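Heads up: the structure comes next, in structure tokens.
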Amino acid sequence: MHTPLCGHAVGDPEEYAKVAVRKGLAGIIVTCHNPLPGPPDPGIRMGVERFDEYCQLVERARMAMEGIADVRLGLECDFIPGLEGWLEEQVGWADFNYVLGSIHPHLPQYRDLFQTGDAVAFQRTYFEHLAQSAETGLFDALGHPDLVKIVDPAAWRPEGIATEIERSLDRIAATGVAMELNTSGLLKNIGEMLPGEFVLAGMKKRGIPVVVGADAHVPERVADGFDRAFKRLTEVGYTEVSYFLNRKRIDIPIEAAQRRLAAARNEV
Ligand SMILES: [Zn+2]
Ligand SMILES: [Zn+2]
């Protein structure tokens, strides 16, 4: 989930935490978009000069919600080949609990470098970079790992690039990095979770740990679609879902997570 500092999210972390409590979560990890070197990206990410403010914002919410919800600091890092040195330093800027590595193929920073006009070639490039992002060893999990499909939904046919996807997943599995099942895709042009069935099945086949995220940019979306996500995971054969604290992975039974959400609903 995000903060207003990225310029395209609303709501104080405390408001996100309150929704989390209502929906049955024990806490939240705020993972706003990381500052990047170079010119500012208004409306996309905070600048370096606002990073301290970000940490303070999350800390204030942590204190305000103490004993009610566990509010933690995390970061969503854009991965673009060539940024490895910057990111290596950045993950040491604070005591993050959880660092997501994400490629945002629809953003100009990435598109300008790699988009050629051939939608399928662009998808292949994306999956090559996805594997590279895992191999940096900098991230706990890879965010919304088939996001490239939203760039040209009509050109998305994962079976057609199965070789590249399978090779990418093999490389990711070898690193031990987790991957996210992100429910925000249900609201995007593609109308399905990120990843969809093809990539998710490949993750399961290789025993890649999975983390569920809503990618909330408004407080009301905290834990949005989690029931559907847990159902999807169960359908492809997952029995456990993971989360991170102090950058250490914790696995819990999906059934336990489902029970918690159901109990919160009944109490309302
Ligand atoms: Zn965002
Ligand atoms: Zn993202």
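Residues in the structure tokens are numbered from 1 in each chain, the chains being A, B, ... in the order shown, and ligands are numbered from 1 in the order shown.
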**Study point:** Cut-off 7 Å, only C-alpha atoms and all ligand atoms, neighbours of ligand 1 as a PyMOL selection string
**Key:** chain A and resi 2+6+8-9+33+44+217
Since we have the selection now, will you write its residues out, keeping N, CA and C atoms, as a JSON list (two decimals), in the first residue's frame?
[["chain", "number", "residue", "atom", "x", "y", "z"],
["A", 2, "HIS", "N", 0.25, 2.36, -0.33],
["A", 2, "HIS", "CA", 1.01, 3.56, -0.64],
["A", 2, "HIS", "C", 0.64, 4.73, 0.27],
["A", 6, "CYS", "N", 3.69, 9.66, -2.94],
["A", 6, "CYS", "CA", 3.97, 9.26, -4.33],
["A", 6, "CYS", "C", 3.20, 10.12, -5.31],
["A", 8, "HIS", "N", 0.06, 9.88, -6.22],
["A", 8, "HIS", "CA", -1.14, 9.29, -6.84],
["A", 8, "HIS", "C", -1.88, 8.36, -5.87],
["A", 9, "ALA", "N", -1.65, 8.56, -4.57],
["A", 9, "ALA", "CA", -2.39, 7.80, -3.55],
["A", 9, "ALA", "C", -2.94, 8.81, -2.55],
["A", 33, "HIS", "N", 6.26, 3.96, -3.34],
["A", 33, "HIS", "CA", 7.22, 3.93, -4.46],
["A", 33, "HIS", "C", 8.52, 4.61, -4.06],
["A", 44, "ILE", "N", 4.30, 10.23, -9.62],
["A", 44, "ILE", "CA", 4.70, 8.82, -9.72],
["A", 44, "ILE", "C", 5.39, 8.34, -8.44],
["A", 217, "HIS", "N", -4.11, 2.18, -3.00],
["A", 217, "HIS", "CA", -3.74, 3.60, -3.13],
["A", 217, "HIS", "C", -4.80, 4.48, -2.47]]
Check your understanding: Within 9 Å of A:Ala61, counting only C-alpha atoms, which residues qualify if same-chain residues fewer than 5 places away don't, as a ChimeraX atom specification?
Key -> /A:12-15,17,56,66,71-72
May I have the residues from that selection written out with N, CA and C atoms, as an mmCIF file, in the first residue's frame?
data_model
loop_
_atom_site.group_PDB
_atom_site.id
_atom_site.type_symbol
_atom_site.label_atom_id
_atom_site.label_comp_id
_atom_site.auth_asym_id
_atom_site.auth_seq_id
_atom_site.Cartn_x
_atom_site.Cartn_y
_atom_site.Cartn_z
ATOM 1 N N ASP A 12 -3.737 8.849 5.003
ATOM 2 C CA ASP A 12 -2.636 8.665 5.940
ATOM 3 C C ASP A 12 -2.500 7.166 6.257
ATOM 4 N N PRO A 13 -1.272 6.700 6.491
ATOM 5 C CA PRO A 13 -1.102 5.275 6.851
ATOM 6 C C PRO A 13 -2.019 4.837 8.001
ATOM 7 N N GLU A 14 -2.293 5.770 8.903
ATOM 8 C CA GLU A 14 -3.186 5.442 10.023
ATOM 9 C C GLU A 14 -4.580 5.039 9.520
ATOM 10 N N GLU A 15 -5.058 5.716 8.497
ATOM 11 C CA GLU A 15 -6.371 5.358 7.935
ATOM 12 C C GLU A 15 -6.333 3.973 7.287
ATOM 13 N N ALA A 17 -4.416 1.589 8.244
ATOM 14 C CA ALA A 17 -4.341 0.635 9.357
ATOM 15 C C ALA A 17 -5.714 0.394 9.977
ATOM 16 N N GLN A 56 8.907 9.099 8.706
ATOM 17 C CA GLN A 56 8.219 9.709 9.857
ATOM 18 C C GLN A 56 6.709 9.482 9.802
ATOM 19 N N GLU A 66 -0.434 1.640 17.972
ATOM 20 C CA GLU A 66 0.210 0.641 18.829
ATOM 21 C C GLU A 66 -0.835 -0.094 19.673
ATOM 22 N N VAL A 71 1.876 -1.524 12.481
ATOM 23 C CA VAL A 71 2.188 -0.724 11.284
ATOM 24 C C VAL A 71 3.690 -0.745 11.049
ATOM 25 N N ARG A 72 4.087 -1.142 9.864
ATOM 26 C CA ARG A 72 5.520 -1.316 9.585
ATOM 27 C C ARG A 72 5.947 -0.560 8.332
#
Practice item. Would you mind listing the residues within 12 Å of ligand 2, counting only C-alpha atoms and all ligand atoms, as JSON, numbers by chain? Key: {"A": [1, 2, 6, 8, 31, 32, 33, 34, 44, 45, 75, 76, 77, 78, 79, 99, 100, 101, 102, 103, 104, 105, 106, 107, 141, 142, 143, 144, 145, 146, 147, 148, 180, 181, 182, 183, 184, 185, 194, 213, 214, 215, 216, 217]}
Output the selection as a PDB file, in the first residue's frame - C-alpha atoms for each residue.
ATOM      1  CA  MET A   1       0.000   0.000   0.000  1.00  0.00           C
ATOM      2  CA  HIS A   2       1.015   3.558  -0.640  1.00  0.00           C
ATOM      3  CA  CYS A   6       3.972   9.256  -4.326  1.00  0.00           C
ATOM      4  CA  HIS A   8      -1.141   9.294  -6.839  1.00  0.00           C
ATOM      5  CA  THR A  31       5.375   0.065   0.656  1.00  0.00           C
ATOM      6  CA  CYS A  32       5.362   3.390  -1.169  1.00  0.00           C
ATOM      7  CA  HIS A  33       7.220   3.930  -4.458  1.00  0.00           C
ATOM      8  CA  ASN A  34      10.945   4.460  -3.955  1.00  0.00           C
ATOM      9  CA  ILE A  44       4.704   8.817  -9.725  1.00  0.00           C
ATOM     10  CA  ARG A  45       7.078   8.747  -6.727  1.00  0.00           C
ATOM     11  CA  LEU A  75       9.361   0.032   0.248  1.00  0.00           C
ATOM     12  CA  GLU A  76       8.375  -0.788  -3.317  1.00  0.00           C
ATOM     13  CA  CYS A  77      11.499  -0.438  -5.451  1.00  0.00           C
ATOM     14  CA  ASP A  78      11.320   0.058  -9.193  1.00  0.00           C
ATOM     15  CA  PHE A  79      13.654  -2.346 -10.901  1.00  0.00           C
ATOM     16  CA  VAL A  99      11.093  -4.653   0.179  1.00  0.00           C
ATOM     17  CA  LEU A 100       9.182  -5.324  -3.014  1.00  0.00           C
ATOM     18  CA  GLY A 101      11.021  -5.323  -6.321  1.00  0.00           C
ATOM     19  CA  SER A 102       8.705  -4.203  -9.092  1.00  0.00           C
ATOM     20  CA  ILE A 103       8.965  -3.521 -12.779  1.00  0.00           C
ATOM     21  CA  HIS A 104       6.483  -0.882 -13.969  1.00  0.00           C
ATOM     22  CA  PRO A 105       6.542  -1.457 -17.728  1.00  0.00           C
ATOM     23  CA  HIS A 106       3.852   1.162 -18.402  1.00  0.00           C
ATOM     24  CA  LEU A 107       5.969   3.998 -16.950  1.00  0.00           C
ATOM     25  CA  ALA A 141       9.234 -10.418  -3.193  1.00  0.00           C
ATOM     26  CA  LEU A 142       8.520  -9.418  -6.792  1.00  0.00           C
ATOM     27  CA  GLY A 143       5.492  -7.141  -7.117  1.00  0.00           C
ATOM     28  CA  HIS A 144       2.571  -7.780  -9.533  1.00  0.00           C
ATOM     29  CA  PRO A 145       4.783 -10.128 -11.598  1.00  0.00           C
ATOM     30  CA  ASP A 146       2.947 -10.123 -14.924  1.00  0.00           C
ATOM     31  CA  LEU A 147       2.092  -6.413 -15.002  1.00  0.00           C
ATOM     32  CA  VAL A 148       3.365  -6.158 -18.586  1.00  0.00           C
ATOM     33  CA  GLU A 180       3.195 -11.389  -5.095  1.00  0.00           C
ATOM     34  CA  LEU A 181      -0.393 -12.160  -6.028  1.00  0.00           C
ATOM     35  CA  ASN A 182      -1.699  -8.607  -6.428  1.00  0.00           C
ATOM     36  CA  THR A 183      -5.466  -8.099  -6.523  1.00  0.00           C
ATOM     37  CA  SER A 184      -5.366  -4.616  -8.089  1.00  0.00           C
ATOM     38  CA  GLY A 185      -5.361  -6.117 -11.597  1.00  0.00           C
ATOM     39  CA  LEU A 194      -1.446  -9.965 -11.247  1.00  0.00           C
ATOM     40  CA  GLY A 213      -1.175  -7.723  -1.748  1.00  0.00           C
ATOM     41  CA  ALA A 214      -3.970  -5.316  -2.667  1.00  0.00           C
ATOM     42  CA  ASP A 215      -1.694  -2.461  -3.796  1.00  0.00           C
ATOM     43  CA  ALA A 216      -4.045  -0.027  -2.047  1.00  0.00           C
ATOM     44  CA  HIS A 217      -3.741   3.601  -3.127  1.00  0.00           C
TER      45      HIS A 217
END
Practice item. From stretch 25-180 of chain A, collect each residue whose DSSP state is strand (DSSP E or B) and return the set as a ChimeraX atom specification. Key: /A:27-30,33,70-78,98-102,141-142,178-180
Check your understanding: Where does DSSP see helix (DSSP H, G or I) in stretch 80-174 of chain A, if you list the residues as a PyMOL selection string?
Key -> chain A and resi 84-90+108-114+119-135+147-150+153-155+158-174
Identify, on the basis of only C-alpha atoms, every residue whose closest approach to A:Arg259 does not exceed 12 Å; exclude the query and any residue fewer than 2 positions from it along the same chain; express the result as an mmCIF file with all heavy atoms, in the first residue's frame.
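Full text of selection16.cif as output:
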data_model
loop_
_atom_site.group_PDB
_atom_site.id
_atom_site.type_symbol
_atom_site.label_atom_id
_atom_site.label_comp_id
_atom_site.auth_asym_id
_atom_site.auth_seq_id
_atom_site.Cartn_x
_atom_site.Cartn_y
_atom_site.Cartn_z
ATOM 1 N N LYS A 23 -10.960 -5.179 8.601
ATOM 2 C CA LYS A 23 -11.027 -6.339 7.696
ATOM 3 C C LYS A 23 -10.376 -7.594 8.279
ATOM 4 O O LYS A 23 -10.368 -8.641 7.646
ATOM 5 C CB LYS A 23 -10.365 -5.977 6.371
ATOM 6 C CG LYS A 23 -11.128 -4.845 5.666
ATOM 7 C CD LYS A 23 -11.073 -4.961 4.175
ATOM 8 C CE LYS A 23 -11.889 -3.856 3.520
ATOM 9 N NZ LYS A 23 -11.539 -3.666 2.110
ATOM 10 N N GLY A 24 -9.799 -7.463 9.479
ATOM 11 C CA GLY A 24 -9.263 -8.652 10.147
ATOM 12 C C GLY A 24 -7.758 -8.845 10.036
ATOM 13 O O GLY A 24 -7.227 -9.886 10.406
ATOM 14 N N LEU A 25 -7.050 -7.846 9.520
ATOM 15 C CA LEU A 25 -5.586 -7.971 9.429
ATOM 16 C C LEU A 25 -4.933 -7.593 10.761
ATOM 17 O O LEU A 25 -5.438 -6.746 11.493
ATOM 18 C CB LEU A 25 -5.016 -7.061 8.332
ATOM 19 C CG LEU A 25 -5.564 -7.166 6.909
ATOM 20 C CD1 LEU A 25 -4.656 -6.419 5.947
ATOM 21 C CD2 LEU A 25 -5.725 -8.604 6.463
ATOM 22 N N PHE A 226 -8.834 -10.096 -1.165
ATOM 23 C CA PHE A 226 -8.018 -11.144 -0.526
ATOM 24 C C PHE A 226 -8.732 -12.497 -0.508
ATOM 25 O O PHE A 226 -8.103 -13.537 -0.676
ATOM 26 C CB PHE A 226 -7.613 -10.738 0.902
ATOM 27 C CG PHE A 226 -6.364 -9.884 0.964
ATOM 28 C CD1 PHE A 226 -5.924 -9.171 -0.145
ATOM 29 C CD2 PHE A 226 -5.622 -9.791 2.140
ATOM 30 C CE1 PHE A 226 -4.772 -8.377 -0.100
ATOM 31 C CE2 PHE A 226 -4.463 -9.008 2.197
ATOM 32 C CZ PHE A 226 -4.038 -8.305 1.086
ATOM 33 N N ASP A 227 -10.053 -12.477 -0.309
ATOM 34 C CA ASP A 227 -10.782 -13.754 -0.307
ATOM 35 C C ASP A 227 -10.651 -14.454 -1.650
ATOM 36 O O ASP A 227 -10.389 -15.657 -1.719
ATOM 37 C CB ASP A 227 -12.258 -13.525 0.026
ATOM 38 C CG ASP A 227 -12.472 -13.366 1.522
ATOM 39 O OD1 ASP A 227 -11.945 -14.208 2.276
ATOM 40 O OD2 ASP A 227 -13.139 -12.397 1.931
ATOM 41 N N PHE A 230 -7.059 -15.805 -2.034
ATOM 42 C CA PHE A 230 -6.820 -17.056 -1.294
ATOM 43 C C PHE A 230 -7.494 -18.235 -2.010
ATOM 44 O O PHE A 230 -6.945 -19.340 -2.061
ATOM 45 C CB PHE A 230 -7.340 -16.945 0.144
ATOM 46 C CG PHE A 230 -6.539 -15.983 0.998
ATOM 47 C CD1 PHE A 230 -7.165 -15.155 1.921
ATOM 48 C CD2 PHE A 230 -5.159 -15.910 0.880
ATOM 49 C CE1 PHE A 230 -6.425 -14.267 2.700
ATOM 50 C CE2 PHE A 230 -4.414 -15.031 1.654
ATOM 51 C CZ PHE A 230 -5.050 -14.209 2.565
ATOM 52 N N ILE A 252 2.186 -18.902 6.594
ATOM 53 C CA ILE A 252 1.031 -19.323 7.400
ATOM 54 C C ILE A 252 0.050 -20.086 6.505
ATOM 55 O O ILE A 252 0.009 -19.874 5.294
ATOM 56 C CB ILE A 252 0.306 -18.127 8.065
ATOM 57 C CG1 ILE A 252 -0.149 -17.104 7.003
ATOM 58 C CG2 ILE A 252 1.189 -17.443 9.098
ATOM 59 C CD1 ILE A 252 -1.164 -16.128 7.527
ATOM 60 N N PRO A 253 -0.744 -20.981 7.107
ATOM 61 C CA PRO A 253 -1.727 -21.714 6.304
ATOM 62 C C PRO A 253 -2.757 -20.742 5.711
ATOM 63 O O PRO A 253 -3.229 -19.847 6.415
ATOM 64 C CB PRO A 253 -2.401 -22.655 7.302
ATOM 65 C CG PRO A 253 -1.504 -22.681 8.504
ATOM 66 C CD PRO A 253 -0.776 -21.382 8.524
ATOM 67 N N ILE A 254 -3.088 -20.928 4.455
ATOM 68 C CA ILE A 254 -4.103 -20.075 3.820
ATOM 69 C C ILE A 254 -5.422 -20.170 4.587
ATOM 70 O O ILE A 254 -6.114 -19.180 4.776
ATOM 71 C CB ILE A 254 -4.295 -20.481 2.342
ATOM 72 C CG1 ILE A 254 -3.045 -20.081 1.547
ATOM 73 C CG2 ILE A 254 -5.536 -19.832 1.736
ATOM 74 C CD1 ILE A 254 -3.020 -20.551 0.114
ATOM 75 N N GLU A 255 -5.732 -21.368 5.062
ATOM 76 C CA GLU A 255 -6.990 -21.554 5.808
ATOM 77 C C GLU A 255 -7.060 -20.652 7.022
ATOM 78 O O GLU A 255 -8.120 -20.113 7.353
ATOM 79 C CB GLU A 255 -7.120 -23.013 6.267
ATOM 80 C CG GLU A 255 -7.637 -23.910 5.176
ATOM 81 C CD GLU A 255 -7.867 -25.337 5.675
ATOM 82 O OE1 GLU A 255 -7.703 -25.588 6.897
ATOM 83 O OE2 GLU A 255 -8.205 -26.176 4.831
ATOM 84 N N ALA A 256 -5.925 -20.467 7.695
ATOM 85 C CA ALA A 256 -5.906 -19.604 8.891
ATOM 86 C C ALA A 256 -6.172 -18.161 8.499
ATOM 87 O O ALA A 256 -6.905 -17.437 9.184
ATOM 88 C CB ALA A 256 -4.561 -19.737 9.605
ATOM 89 N N ALA A 257 -5.584 -17.734 7.379
ATOM 90 C CA ALA A 257 -5.798 -16.367 6.902
ATOM 91 C C ALA A 257 -7.268 -16.161 6.520
ATOM 92 O O ALA A 257 -7.869 -15.130 6.843
ATOM 93 C CB ALA A 257 -4.888 -16.094 5.710
ATOM 94 N N LEU A 261 -10.191 -13.421 8.158
ATOM 95 C CA LEU A 261 -10.993 -12.459 7.399
ATOM 96 C C LEU A 261 -12.483 -12.723 7.613
ATOM 97 O O LEU A 261 -13.275 -11.799 7.778
ATOM 98 C CB LEU A 261 -10.687 -12.555 5.895
ATOM 99 C CG LEU A 261 -9.268 -12.178 5.435
ATOM 100 C CD1 LEU A 261 -9.197 -12.224 3.926
ATOM 101 C CD2 LEU A 261 -8.869 -10.791 5.929
ATOM 102 N N ALA A 262 -12.851 -14.006 7.642
ATOM 103 C CA ALA A 262 -14.262 -14.369 7.835
ATOM 104 C C ALA A 262 -14.739 -13.938 9.212
ATOM 105 O O ALA A 262 -15.853 -13.416 9.357
ATOM 106 C CB ALA A 262 -14.439 -15.880 7.648
ATOM 107 N N ALA A 263 -13.892 -14.123 10.217
ATOM 108 C CA ALA A 263 -14.264 -13.743 11.589
ATOM 109 C C ALA A 263 -14.485 -12.236 11.672
ATOM 110 O O ALA A 263 -15.430 -11.772 12.310
ATOM 111 C CB ALA A 263 -13.162 -14.173 12.556
ATOM 112 N N ALA A 264 -13.644 -11.467 10.996
ATOM 113 C CA ALA A 264 -13.793 -10.005 11.030
ATOM 114 C C ALA A 264 -15.113 -9.588 10.385
ATOM 115 O O ALA A 264 -15.765 -8.667 10.836
ATOM 116 C CB ALA A 264 -12.624 -9.352 10.318
ATOM 117 N N ARG A 265 -15.485 -10.290 9.334
ATOM 118 C CA ARG A 265 -16.743 -9.957 8.645
ATOM 119 C C ARG A 265 -17.947 -10.223 9.544
ATOM 120 O O ARG A 265 -18.877 -9.423 9.605
ATOM 121 C CB ARG A 265 -16.879 -10.783 7.369
ATOM 122 C CG ARG A 265 -16.317 -10.095 6.146
ATOM 123 C CD ARG A 265 -16.845 -10.738 4.896
ATOM 124 N NE ARG A 265 -16.616 -12.185 4.900
ATOM 125 C CZ ARG A 265 -15.517 -12.759 4.382
ATOM 126 N NH1 ARG A 265 -14.588 -12.009 3.839
ATOM 127 N NH2 ARG A 265 -15.358 -14.051 4.422
ATOM 128 N N ASN A 266 -17.889 -11.334 10.279
ATOM 129 C CA ASN A 266 -19.023 -11.688 11.139
ATOM 130 C C ASN A 266 -19.183 -10.758 12.319
ATOM 131 O O ASN A 266 -20.268 -10.568 12.833
ATOM 132 C CB ASN A 266 -18.877 -13.132 11.637
ATOM 133 C CG ASN A 266 -18.955 -14.116 10.476
ATOM 134 O OD1 ASN A 266 -19.523 -13.777 9.421
ATOM 135 N ND2 ASN A 266 -18.390 -15.295 10.649
#
Exercise for review: Using only C-alpha atoms, determine which residues lie at most 12 Å from A:Val210, disregarding the query and same-chain residues fewer than 2 positions distant; provide the list as a PyMOL selection string.
Suggested key: chain A and resi 140-145+173+176-182+194-195+199-204+206-208+212-213+229-230+232-234+236-244+249-254
Exercise for review: Find the residues near stretch 126-133 of chain A: any atom within 6 Å, counting only C-alpha atoms, skip ones fewer than 6 places away on the same chain, and give them as a VMD selection string.
Suggested key: chain A and resid 168 171 to 172
Review point. Which residue out of A:Ala154, A:Phe51, A:Ile80, A:Gly225 has the minimum interatomic distance to A:Asp112 when only C-alpha atoms are used?
Key: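 Ranked by minimum distance to A:Asp112, first place goes to A:Ile80.
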Check your understanding: Which is closer to A:Asp70 than all the others in A:Ile28, A:Arg50, A:Leu57, A:Glu84, using only C-alpha atoms?
Key ->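 Looking at the shortest contact to A:Asp70, the residue is A:Ile28.
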Check your understanding: Looking at only C-alpha atoms, which of A:Cys55, A:Ile150, A:Val91, A:Ala64 is the one that sits closest to A:Val30?
Key ->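 Checking each of A:Cys55, A:Ile150, A:Val91, A:Ala64 against A:Val30, counting only C-alpha atoms, the winner is A:Cys55.
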Point to revise | Point-to-point distance from atom CA of A:Thr116 to atom CA of A:Pro81, Å rounded to tenths | key: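 Distance between the two atoms: 16.5 Å.
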Review point. Of the candidates A:Asp152, A:Glu220, A:Asp95, A:Glu166, which one gets nearest to A:Gly117 if we count only C-alpha atoms?
Key: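 Checking each candidate against A:Gly117, we get A:Asp152 as the closest.
For the set A:Pro153, A:Ile165, A:Tyr54, A:Gly160, the residue with the smallest atom-to-atom gap to A:Thr125 is A:Ile165, counting only C-alpha atoms.
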Practice item. Give me the residues within 8 Å of A:Ala26 as a list in words, counting only C-alpha atoms and dropping any in the same chain fewer than 4 places off. Key: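 Counting only the stated atoms, we get Ala20, Val21, Ala69 and Asp70 of chain A.
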Review point. Taking only C-alpha atoms into account, which of A:Leu138, A:Leu245, A:Ile29, A:Leu187 comes nearest A:Gln90?
Key: A:Leu138
Check your understanding: What does the distance between atom CA of A:Arg111 and atom CA of A:Glu159 come to in Å, to one decimal place?
Key -> 23.1 Å
Study note, to complete from the structure: What separates atom CA of A:Lys149 and atom CA of A:Ala134 is a distance of 19.3 Å
Excluding A:Val10 and residues on its chain fewer than 3 positions from it, collect all residues at most 9 Å away from it, counting only C-alpha atoms, and give them as a short mmCIF file (atom, residue, chain, number, x, y, z; two decimals) with N, CA, C and O atoms, in the first residue's frame.
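Output contents, as saved in selection39.cif:
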data_model
loop_
_atom_site.label_atom_id
_atom_site.label_comp_id
_atom_site.auth_asym_id
_atom_site.auth_seq_id
_atom_site.Cartn_x
_atom_site.Cartn_y
_atom_site.Cartn_z
N HIS A 2 0.25 2.36 -0.33
CA HIS A 2 1.01 3.56 -0.64
C HIS A 2 0.64 4.73 0.27
O HIS A 2 -0.19 4.60 1.15
N THR A 3 1.29 5.87 0.03
CA THR A 3 1.03 7.09 0.79
C THR A 3 0.88 8.25 -0.20
O THR A 3 1.31 8.14 -1.35
N PRO A 4 0.34 9.37 0.25
CA PRO A 4 0.20 10.52 -0.66
C PRO A 4 1.54 11.04 -1.17
O PRO A 4 1.57 11.80 -2.14
N LEU A 5 2.64 10.63 -0.56
CA LEU A 5 3.95 11.14 -0.99
C LEU A 5 4.29 10.74 -2.44
O LEU A 5 5.08 11.42 -3.10
N GLY A 7 2.22 10.86 -4.81
CA GLY A 7 1.50 11.79 -5.68
C GLY A 7 0.31 11.18 -6.40
O GLY A 7 -0.39 11.87 -7.14
N HIS A 217 -4.11 2.18 -3.00
CA HIS A 217 -3.74 3.60 -3.13
C HIS A 217 -4.80 4.48 -2.47
O HIS A 217 -4.72 5.69 -2.49
N VAL A 218 -5.82 3.85 -1.92
CA VAL A 218 -6.84 4.49 -1.08
C VAL A 218 -7.10 3.54 0.09
O VAL A 218 -7.03 2.31 -0.09
N PRO A 219 -7.40 4.08 1.28
CA PRO A 219 -7.55 3.20 2.45
C PRO A 219 -8.60 2.11 2.26
O PRO A 219 -8.39 0.97 2.69
#
